[in-house]
Amino acid sequence: MQVVVSTRALLLLRNSISGTKLSEVYRRVPFRRHLPLFSCGQGDNGPLTLASLGLQSEIEIKGVEKSDIPLMVSAFDVPRGKEKKISVTGSKSSLQKKPLELEVAPFAAKSFSELGLPPLLVERLEKEGFEVPTDVQAAAIPTILKNHDVMIQSYTGSGKTLAYVLPILTEVGPLKRVFLNDKETRNRIDVEAVIVAPSRELAMQIVREVERLLGPVHKKLVQQLVGGANKSRQEEALKKNKPAIVVGTPGRIAEISKTGKLHTHDCRYLVLDEVDELLSFNFREDMHRILEHVGRRPGAGTHRKSDSTDGKTDRQTIMVSATVPLSVIRAARSWSYDPVLVQANNIVPLESISPSAISPTGSSPNSNSTTSQNVAQSLPPSLEHYYCVSRLQHKVDTLRRCVHALDAKYVIAFMNHTKQLKDAVFKLEARGIKAAELHGDLNKLVRSTILKNFRNGEVRVLVTNELSARGLDIPECDLVVNLGLPTDSVHYAHRAGRTGRLGRKGTVVTICEEPEIFVVRKLQKQLGVPIQACEFTEGKLNVTGEEEALAAARR
Ligand SMILES: Nc1ncnc2c1ncn2[C@@H]1O[C@H](COP(=O)(O)OP(=O)(O)OP(=O)(O)O)[C@@H](O)[C@H]1O
């Protein structure tokens with residue numbers, strides 16, 4: 001079933017809601033609200049193109065020569081009377097399970113072919129149900145195709161993976177612009193793209209996304225190099241399949257690179273997905289090796305590729321995250337050549353962003369509104385945020401009532417300590433809710449089985465720790481619960497971003513103890529979104545005042 005959405009109409013609705021009394025809108029909100037603007041059916045499902053709209057509009061490109069980066073458009077620039085319905089099919093697997101319910105449509109008024117992707121790749125995308133690029137894809141793809149080093153920053157679930165995978169597949173593998181011949185591909189020793197991700201789950205997810213596009217015949221052109229899996233088998237596969245793209249965790253990539261069995265000196269693309277996490281102390285040594293040995297780092301002050309007298313090309317560095325702290329901006333300047341910050345509706349040279357004006361979350365410390373705006377930019381706009389006060393010993397029972405009240409089907413519950421997870425799962429199962437724990441101490445096979453069971457609906461509540469906060473894409477996830485408070489607003493944003501993906505509805509509930517309320521208030525301020533007090537009574541979510549929430553928790 002397809003869902004047809006008029007983005008202009010959705011925007012107008014959102015605007016009109018923001019003008020009304022929000023407390024009234026949120027009070028006693030039935031969870032399964034359906035926007036009256038959605039219509040389901042086969043209808044108009046042709047790709048949306050600028051030409052078809054008879055329009056030419058562009059997003060703001062500051063400080064970068066316009067001839068250098070193609071003009072971009074936003075779906076929201078469509079003038080009244082010229083609206084066109086966008087057919088959103090999403091991924092095949094998610095569609096088979098349930099139709100999309102979009103709160104906002106993050107799709108650009110462009111088709112993939114207009115972004116400079118080769119026809120074979122566009123064909124594959126259509127076959128896999130990807131018809132319209134998202135805003136961030138429309139901004140990032142042409143910029144990467146123009147050889148710019150980029151920092152892609154956009155909210156969780158906005159399609160950042162394809163934003164870098166598609167330009168790589170335009171130049172690498174069987175779908176590329178000019179496919180020379182099989183012999184040349186087979187004889188290549190060096191891999192052409194290295195994609196680094198901080199967790200095995202995220203790396204495997206990226207592998208699956210690339211395999212999907214390569215198709216069954218060519219899927220061996222991408223190879224996973226994740227920890228916890230058999231190293232010799234990975235090394236054998238590298239030798240036998242000569243993959244063009246490898247995707248892995250820093251430890252395993254660095255380990256195999258040291259043995260000399262991974263040839264990356266001629267590599268053209270280095271992608272650092274969840275770059276701020278990759279910068280953490282744990283990965284320091286491995287990341288250092290990767291940055292020094294993957295492709296040739298562009299020399300500072302020289303133009304890309306101009307000094308390639310030895311025949312080697314400079315690598316293109318692509319950094320990605322929903323959250324871009326100051327440390328990353330600093331690091332990006334030394335790892336890459338003239339990097340450009342690409343956001344959904346904005347492209348600026350990273351150089352133009354003054355470090356002194358940036359707080360640890362990537363925003364100005366001098367202006368609270370800018371801080372809120374920038375951290376909030378990492379949150380999907382379609383999320384609703386609540387908190388509920390509970391005694392420590394009642395937290396899991398509050399979670400159970402929350403799941404029932406919201407009739408949530410795919411729930412991710414975050415706790416801060418691995419040893420707490422088992423007990424929570426036990427309590428939930430004892431009350432008839434199918435639950436499972438997921439954490440880094442489990443072996444790779446167990447972890448993928450649990451995730452598979454969660455994806456296919458056999459497990460309703462996945463109780464997990466920070467491991468699952470980054471990048472995990474389970475489009476059906478309709479509820480995220482913080483059973484333990486996240487350490488800061490960046491961690492809150494990544495956890496929250498497991499729901500409300502690609503414009504879908506999503507709810508985030510933080511279950512806290514009375515003395516922790518001030519932390520929730522602080523998060524609310526930093527994130528710039530309302531986090532409303534609520535309680536779960538008579539099988540419903542009831543928005544309450546703070547006093548009522550406290551009284552309920554003390555009962
Ligand atoms: N143009 C598109 N049309 C339909 N679905 C898309 C499109 N682009 C991406 N998707 C789907 O949207 C979902 C979210 O994409 P993705 O995981 O890349 O988001 P993200 O921005 O990287 O999120 P995070 O910051 O959490 O890692 C995925 O299921 C992906 O297959």
# chains A, B, ... in the order shown; residues from 1 in each chain; ligands from 1
>>> residues_near_ligand(ligand="ligand 1", cutoff="7 Å", atoms="only C-alpha atoms and all ligand atoms", output="PyMOL selection string")
chain A and resi 88-91+129-134+154-162+321-322+470-475+494+497-498+501-502
>>> write_last_selection(atoms="C-alpha atoms", output="PDB file, in the first residue's frame")
ATOM      1  CA  VAL A  88       6.550   7.481  -0.690  1.00  0.00           C
ATOM      2  CA  THR A  89       7.136   3.782  -0.851  1.00  0.00           C
ATOM      3  CA  GLY A  90      10.047   3.397   1.550  1.00  0.00           C
ATOM      4  CA  SER A  91      11.889   0.114   1.847  1.00  0.00           C
ATOM      5  CA  GLY A 129      11.346   1.302  -3.696  1.00  0.00           C
ATOM      6  CA  PHE A 130      13.471   4.472  -3.413  1.00  0.00           C
ATOM      7  CA  GLU A 131      11.802   6.970  -5.731  1.00  0.00           C
ATOM      8  CA  VAL A 132      12.447  10.437  -4.329  1.00  0.00           C
ATOM      9  CA  PRO A 133      15.644  11.571  -2.578  1.00  0.00           C
ATOM     10  CA  THR A 134      15.365  13.025   0.894  1.00  0.00           C
ATOM     11  CA  SER A 154      21.136  15.921   9.431  1.00  0.00           C
ATOM     12  CA  TYR A 155      18.650  14.532  11.934  1.00  0.00           C
ATOM     13  CA  THR A 156      18.452  10.834  12.735  1.00  0.00           C
ATOM     14  CA  GLY A 157      16.570   8.725  10.201  1.00  0.00           C
ATOM     15  CA  SER A 158      16.775  11.314   7.407  1.00  0.00           C
ATOM     16  CA  GLY A 159      18.604   8.997   4.990  1.00  0.00           C
ATOM     17  CA  LYS A 160      22.263   9.920   5.515  1.00  0.00           C
ATOM     18  CA  THR A 161      23.471   6.411   4.564  1.00  0.00           C
ATOM     19  CA  LEU A 162      22.249   6.616   0.961  1.00  0.00           C
ATOM     20  CA  SER A 321      26.543  12.296  11.997  1.00  0.00           C
ATOM     21  CA  ALA A 322      23.343  13.743  13.363  1.00  0.00           C
ATOM     22  CA  ARG A 470      23.669   4.957  17.140  1.00  0.00           C
ATOM     23  CA  GLY A 471      22.498   4.350  13.612  1.00  0.00           C
ATOM     24  CA  LEU A 472      20.237   1.363  14.264  1.00  0.00           C
ATOM     25  CA  ASP A 473      17.484   1.528  11.653  1.00  0.00           C
ATOM     26  CA  ILE A 474      14.280  -0.291  12.543  1.00  0.00           C
ATOM     27  CA  PRO A 475      11.735   1.799  10.647  1.00  0.00           C
ATOM     28  CA  HIS A 494      20.699   9.503  19.255  1.00  0.00           C
ATOM     29  CA  GLY A 497      16.306   8.960  16.889  1.00  0.00           C
ATOM     30  CA  ARG A 498      15.657   5.209  16.858  1.00  0.00           C
ATOM     31  CA  ARG A 501      12.479   7.585  11.237  1.00  0.00           C
ATOM     32  CA  LEU A 502      12.057   9.180   7.841  1.00  0.00           C
TER      33      LEU A 502
END
>>> residues_around(residues="A:Leu445", least_positions_apart="6", cutoff="10 Å", atoms="only C-alpha atoms", output="ChimeraX atom specification")
/A:228-229,451
>>> write_last_selection(atoms="N, CA, C and O atoms", output="mmCIF file, in the first residue's frame")
data_model
loop_
_atom_site.group_PDB
_atom_site.id
_atom_site.type_symbol
_atom_site.label_atom_id
_atom_site.label_comp_id
_atom_site.auth_asym_id
_atom_site.auth_seq_id
_atom_site.Cartn_x
_atom_site.Cartn_y
_atom_site.Cartn_z
ATOM 1 N N GLY A 228 34.375 -9.571 16.203
ATOM 2 C CA GLY A 228 33.491 -10.627 16.698
ATOM 3 C C GLY A 228 33.224 -11.702 15.657
ATOM 4 O O GLY A 228 32.676 -12.754 15.965
ATOM 5 N N ALA A 229 33.597 -11.435 14.404
ATOM 6 C CA ALA A 229 33.421 -12.449 13.351
ATOM 7 C C ALA A 229 34.798 -13.046 13.055
ATOM 8 O O ALA A 229 35.823 -12.488 13.429
ATOM 9 N N LEU A 451 18.326 -9.131 17.145
ATOM 10 C CA LEU A 451 17.874 -8.025 16.280
ATOM 11 C C LEU A 451 16.888 -8.527 15.219
ATOM 12 O O LEU A 451 15.903 -7.851 14.917
#
>>> closest_atom_pairs(of="stretch 456-532 of chain A", to="stretch 430-435 of chain A", cutoff="12 Å", atoms="only C-alpha atoms", output="tab-separated table")
residue	atom	partner	partner_atom	distance
A:Gly457	CA	A:Lys434	CA	9.5
A:Glu458	CA	A:Lys434	CA	7.3
A:Val459	CA	A:Lys434	CA	5.2
A:Arg460	CA	A:Lys434	CA	5.4
A:Val461	CA	A:Ala435	CA	4.6
A:Leu462	CA	A:Ala435	CA	5.8
A:Val463	CA	A:Ala435	CA	7.0
A:Thr464	CA	A:Ala435	CA	10.4
>>> closest_atom_pairs(of="stretch 179-255 of chain A", to="stretch 280-298 of chain A", cutoff="8 Å", atoms="only C-alpha atoms", output="tab-separated table")
residue	atom	partner	partner_atom	distance
A:Val194	CA	A:Val294	CA	7.5
A:Pro250	CA	A:Asp286	CA	5.6
A:Gly251	CA	A:Asp286	CA	5.7
A:Ile253	CA	A:Ile290	CA	7.6
A:Ala254	CA	A:Asp286	CA	5.4
>>> write_last_selection(atoms="all heavy atoms", output="PDB file, in the first residue's frame")
ATOM      1  N   VAL A 194      36.323   2.738   1.770  1.00  0.00           N
ATOM      2  CA  VAL A 194      36.308   2.162   3.121  1.00  0.00           C
ATOM      3  C   VAL A 194      35.278   2.941   3.935  1.00  0.00           C
ATOM      4  O   VAL A 194      35.344   4.171   4.016  1.00  0.00           O
ATOM      5  CB  VAL A 194      37.704   2.272   3.789  1.00  0.00           C
ATOM      6  CG1 VAL A 194      37.625   1.869   5.261  1.00  0.00           C
ATOM      7  CG2 VAL A 194      38.723   1.391   3.066  1.00  0.00           C
ATOM      8  N   PRO A 250      36.283   0.048  13.497  1.00  0.00           N
ATOM      9  CA  PRO A 250      37.675   0.524  13.456  1.00  0.00           C
ATOM     10  C   PRO A 250      38.693  -0.549  13.841  1.00  0.00           C
ATOM     11  O   PRO A 250      39.720  -0.702  13.174  1.00  0.00           O
ATOM     12  CB  PRO A 250      37.696   1.670  14.466  1.00  0.00           C
ATOM     13  CG  PRO A 250      36.288   2.073  14.657  1.00  0.00           C
ATOM     14  CD  PRO A 250      35.431   0.899  14.348  1.00  0.00           C
ATOM     15  N   GLY A 251      38.394  -1.309  14.903  1.00  0.00           N
ATOM     16  CA  GLY A 251      39.343  -2.313  15.404  1.00  0.00           C
ATOM     17  C   GLY A 251      39.686  -3.352  14.341  1.00  0.00           C
ATOM     18  O   GLY A 251      40.862  -3.618  14.069  1.00  0.00           O
ATOM     19  N   ILE A 253      39.150  -3.294  11.017  1.00  0.00           N
ATOM     20  CA  ILE A 253      39.767  -2.725   9.801  1.00  0.00           C
ATOM     21  C   ILE A 253      41.252  -2.484  10.072  1.00  0.00           C
ATOM     22  O   ILE A 253      42.121  -2.877   9.280  1.00  0.00           O
ATOM     23  CB  ILE A 253      39.074  -1.413   9.374  1.00  0.00           C
ATOM     24  CG1 ILE A 253      37.648  -1.695   8.898  1.00  0.00           C
ATOM     25  CG2 ILE A 253      39.867  -0.725   8.249  1.00  0.00           C
ATOM     26  CD1 ILE A 253      36.859  -0.458   8.505  1.00  0.00           C
ATOM     27  N   ALA A 254      41.558  -1.872  11.233  1.00  0.00           N
ATOM     28  CA  ALA A 254      42.965  -1.566  11.552  1.00  0.00           C
ATOM     29  C   ALA A 254      43.767  -2.858  11.698  1.00  0.00           C
ATOM     30  O   ALA A 254      44.903  -2.957  11.217  1.00  0.00           O
ATOM     31  CB  ALA A 254      43.022  -0.741  12.831  1.00  0.00           C
TER      32      ALA A 254
END
>>> select_by_dssp(residues="stretch 125-370 of chain A", states="strand (DSSP E)", output="PyMOL selection string")
chain A and resi 150-153+193-196+222-225+245-248+269-273+316-321+340-343+346-349
>>> atom_distance(atom1="atom CA of A:Leu421", atom2="atom CA of A:Glu277")
22.9 Å
>>> atom_distance(atom1="atom CA of A:Ala344", atom2="atom CA of A:Gln532")
28.1 Å
>>> atom_distance(atom1="atom CA of A:His417", atom2="atom CA of A:Gln377")
28.2 Å
>>> closest_residue(among="A:Asp314, A:Asp338, A:Glu126, A:Asp190", to="A:Arg212", atoms="only C-alpha atoms")
A:Glu126
>>> residues_around(residues="stretch 197-207 of chain A", least_positions_apart="2", cutoff="7 Å", atoms="only C-alpha atoms", output="list in words")
Ile195, Glu209, Val210, Glu211, Val222, Gln224, Val226, Gly227, Val247, Gly248, Thr249, Pro250, Leu272, Asp273, Glu274, Glu277, Leu278, Gly471 and Leu472 of chain A
>>> closest_residue(among="A:Ala469, A:Val136, A:Leu175, A:Met151", to="A:Ala493", atoms="only C-alpha atoms")
A:Ala469
>>> select_by_dssp(residues="stretch 365-428 of chain A", states="alpha helix (DSSP H)", output="number ranges by chain")
A: 368-376, 395-406, 418-428
>>> closest_residue(among="A:Asn453, A:Ser390, A:Thr418, A:Gln137", to="A:Gln343", atoms="only C-alpha atoms")
A:Gln137
>>> residues_around(residues="stretch 232-235 of chain A", least_positions_apart="6", cutoff="12 Å", atoms="only C-alpha atoms", output="CSV table (one decimal) with all heavy atoms, in the first residue's frame")
chain,number,residue,atom,x,y,z
A,220,LYS,N,29.0,-9.4,-3.7
A,220,LYS,CA,30.3,-9.7,-3.1
A,220,LYS,C,31.3,-8.5,-3.3
A,220,LYS,O,32.4,-8.5,-2.7
A,220,LYS,CB,30.9,-11.0,-3.6
A,220,LYS,CG,30.2,-12.2,-3.1
A,220,LYS,CD,30.9,-13.5,-3.2
A,220,LYS,CE,30.2,-14.5,-2.4
A,220,LYS,NZ,30.3,-15.8,-3.0
A,222,VAL,N,30.9,-5.8,-2.0
A,222,VAL,CA,31.0,-5.2,-0.7
A,222,VAL,C,31.3,-6.2,0.4
A,222,VAL,O,30.7,-7.3,0.3
A,222,VAL,CB,29.7,-4.4,-0.3
A,222,VAL,CG1,28.5,-5.2,-0.3
A,222,VAL,CG2,29.9,-3.6,1.0
A,223,GLN,N,32.2,-5.9,1.3
A,223,GLN,CA,32.6,-6.9,2.3
A,223,GLN,C,32.6,-6.3,3.7
A,223,GLN,O,33.1,-5.2,3.9
A,223,GLN,CB,34.0,-7.4,1.9
A,223,GLN,CG,34.9,-7.8,3.0
A,223,GLN,CD,35.1,-9.3,3.1
A,223,GLN,OE1,35.3,-9.9,2.0
A,223,GLN,NE2,35.0,-9.9,4.2
A,224,GLN,N,32.1,-7.1,4.6
A,224,GLN,CA,32.1,-6.6,6.0
A,224,GLN,C,33.4,-7.0,6.7
A,224,GLN,O,33.9,-8.1,6.5
A,224,GLN,CB,30.8,-7.1,6.8
A,224,GLN,CG,30.7,-8.6,6.8
A,224,GLN,CD,31.4,-9.3,8.0
A,224,GLN,OE1,32.0,-8.7,8.8
A,224,GLN,NE2,31.2,-10.6,8.1
A,225,LEU,N,33.9,-6.1,7.5
A,225,LEU,CA,35.1,-6.4,8.3
A,225,LEU,C,34.7,-6.0,9.8
A,225,LEU,O,35.2,-4.9,10.2
A,225,LEU,CB,36.3,-5.6,7.8
A,225,LEU,CG,36.8,-6.0,6.4
A,225,LEU,CD1,38.1,-5.2,6.1
A,225,LEU,CD2,37.2,-7.5,6.4
A,226,VAL,N,33.9,-6.8,10.4
A,226,VAL,CA,33.5,-6.4,11.8
A,226,VAL,C,34.1,-7.3,12.8
A,226,VAL,O,34.4,-8.4,12.6
A,226,VAL,CB,32.0,-6.4,12.0
A,226,VAL,CG1,31.3,-5.4,11.0
A,226,VAL,CG2,31.4,-7.8,11.8
A,241,ASN,N,37.4,-12.4,-3.2
A,241,ASN,CA,36.4,-11.6,-3.9
A,241,ASN,C,36.9,-10.2,-4.4
A,241,ASN,O,36.2,-9.6,-5.2
A,241,ASN,CB,35.2,-11.4,-3.0
A,241,ASN,CG,34.6,-12.7,-2.5
A,241,ASN,OD1,34.6,-13.7,-3.3
A,241,ASN,ND2,34.0,-12.7,-1.3
A,242,LYS,N,38.0,-9.8,-3.9
A,242,LYS,CA,38.6,-8.5,-4.2
A,242,LYS,C,37.4,-7.4,-4.2
A,242,LYS,O,37.1,-6.8,-5.2
A,242,LYS,CB,39.2,-8.5,-5.6
A,242,LYS,CG,40.4,-9.4,-5.6
A,242,LYS,CD,41.1,-9.3,-7.0
A,242,LYS,CE,42.4,-10.1,-7.0
A,242,LYS,NZ,42.3,-11.4,-6.5
A,243,PRO,N,36.9,-7.2,-3.0
A,243,PRO,CA,35.8,-6.2,-2.9
A,243,PRO,C,36.2,-4.8,-3.3
A,243,PRO,O,37.4,-4.4,-3.0
A,243,PRO,CB,35.3,-6.3,-1.4
A,243,PRO,CG,36.5,-6.8,-0.7
A,243,PRO,CD,37.3,-7.7,-1.7
A,246,VAL,N,34.7,-1.9,1.4
A,246,VAL,CA,34.6,-2.6,2.7
A,246,VAL,C,34.0,-1.7,3.7
A,246,VAL,O,34.1,-0.5,3.7
A,246,VAL,CB,36.0,-3.1,3.2
A,246,VAL,CG1,36.7,-4.0,2.2
A,246,VAL,CG2,36.9,-1.9,3.5
A,247,VAL,N,33.2,-2.4,4.6
A,247,VAL,CA,32.5,-1.7,5.7
A,247,VAL,C,32.8,-2.4,7.0
A,247,VAL,O,32.7,-3.6,7.1
A,247,VAL,CB,31.0,-1.7,5.5
A,247,VAL,CG1,30.3,-0.9,6.5
A,247,VAL,CG2,30.6,-1.4,4.1
A,248,GLY,N,33.3,-1.6,7.9
A,248,GLY,CA,33.7,-2.3,9.2
A,248,GLY,C,33.8,-1.4,10.4
A,248,GLY,O,33.6,-0.2,10.3
A,252,ARG,N,38.7,-3.9,13.7
A,252,ARG,CA,38.9,-5.0,12.7
A,252,ARG,C,39.6,-4.5,11.5
A,252,ARG,O,40.5,-5.1,10.9
A,252,ARG,CB,37.6,-5.7,12.5
A,252,ARG,CG,37.7,-6.9,11.5
A,252,ARG,CD,38.8,-8.0,12.0
A,252,ARG,NE,38.6,-8.5,13.3
A,252,ARG,CZ,37.9,-9.6,13.6
A,252,ARG,NH1,37.3,-10.3,12.6
A,252,ARG,NH2,37.8,-10.0,14.8
A,253,ILE,N,39.1,-3.3,11.0
A,253,ILE,CA,39.8,-2.7,9.8
A,253,ILE,C,41.3,-2.5,10.1
A,253,ILE,O,42.1,-2.9,9.3
A,253,ILE,CB,39.1,-1.4,9.4
A,253,ILE,CG1,37.6,-1.7,8.9
A,253,ILE,CG2,39.9,-0.7,8.2
A,253,ILE,CD1,36.9,-0.5,8.5
A,255,GLU,N,43.2,-3.9,12.3
A,255,GLU,CA,43.8,-5.1,12.6
A,255,GLU,C,44.2,-5.8,11.2
A,255,GLU,O,45.4,-6.2,11.0
A,255,GLU,CB,42.9,-6.0,13.3
A,255,GLU,CG,43.5,-7.2,14.1
A,255,GLU,CD,42.4,-8.0,14.8
A,255,GLU,OE1,41.2,-7.6,14.8
A,255,GLU,OE2,42.7,-9.1,15.3
A,256,ILE,N,43.3,-5.9,10.3
A,256,ILE,CA,43.6,-6.6,9.0
A,256,ILE,C,44.5,-5.7,8.2
A,256,ILE,O,45.4,-6.2,7.5
A,256,ILE,CB,42.3,-6.9,8.3
A,256,ILE,CG1,41.5,-7.9,9.2
A,256,ILE,CG2,42.6,-7.5,6.9
A,256,ILE,CD1,40.2,-8.4,8.5
A,257,SER,N,44.4,-4.4,8.3
A,257,SER,CA,45.3,-3.5,7.6
A,257,SER,C,46.7,-3.7,8.0
A,257,SER,O,47.6,-3.8,7.2
A,257,SER,CB,44.8,-2.0,7.9
A,257,SER,OG,45.8,-1.1,7.5
A,258,LYS,N,46.9,-3.9,9.3
A,258,LYS,CA,48.3,-4.2,9.8
A,258,LYS,C,48.9,-5.4,9.3
A,258,LYS,O,50.1,-5.5,9.1
A,258,LYS,CB,48.3,-4.2,11.4
A,258,LYS,CG,48.3,-2.9,12.0
A,258,LYS,CD,48.2,-3.0,13.5
A,258,LYS,CE,47.6,-1.8,14.2
A,258,LYS,NZ,47.1,-2.0,15.5
A,259,THR,N,48.1,-6.4,9.0
A,259,THR,CA,48.6,-7.7,8.5
A,259,THR,C,49.0,-7.6,7.0
A,259,THR,O,49.5,-8.5,6.4
A,259,THR,CB,47.6,-8.9,8.6
A,259,THR,OG1,46.5,-8.5,7.8
A,259,THR,CG2,47.1,-9.1,10.1
A,260,GLY,N,48.6,-6.5,6.4
A,260,GLY,CA,48.9,-6.3,5.0
A,260,GLY,C,48.0,-7.0,4.1
A,260,GLY,O,48.2,-7.0,2.8
A,261,LYS,N,46.9,-7.5,4.6
A,261,LYS,CA,45.9,-8.2,3.8
A,261,LYS,C,44.7,-7.3,3.3
A,261,LYS,O,43.9,-7.8,2.6
A,261,LYS,CB,45.3,-9.4,4.5
A,261,LYS,CG,46.4,-10.5,4.7
A,261,LYS,CD,46.0,-11.6,5.5
A,261,LYS,CE,47.1,-12.6,5.6
A,261,LYS,NZ,47.0,-13.5,6.7
A,262,LEU,N,44.8,-6.1,3.7
A,262,LEU,CA,43.8,-5.1,3.2
A,262,LEU,C,44.5,-4.0,2.6
A,262,LEU,O,45.3,-3.2,3.2
A,262,LEU,CB,42.9,-4.6,4.4
A,262,LEU,CG,41.9,-3.5,4.1
A,262,LEU,CD1,40.8,-4.1,3.2
A,262,LEU,CD2,41.3,-2.9,5.4
A,263,HIS,N,44.3,-3.9,1.3
A,263,HIS,CA,45.1,-2.9,0.5
A,263,HIS,C,44.2,-1.6,0.3
A,263,HIS,O,43.3,-1.7,-0.4
A,263,HIS,CB,45.5,-3.4,-0.9
A,263,HIS,CG,46.3,-4.7,-0.7
A,263,HIS,ND1,47.7,-4.6,-0.7
A,263,HIS,CD2,46.0,-6.0,-0.6
A,263,HIS,CE1,48.2,-5.9,-0.6
A,263,HIS,NE2,47.2,-6.7,-0.5
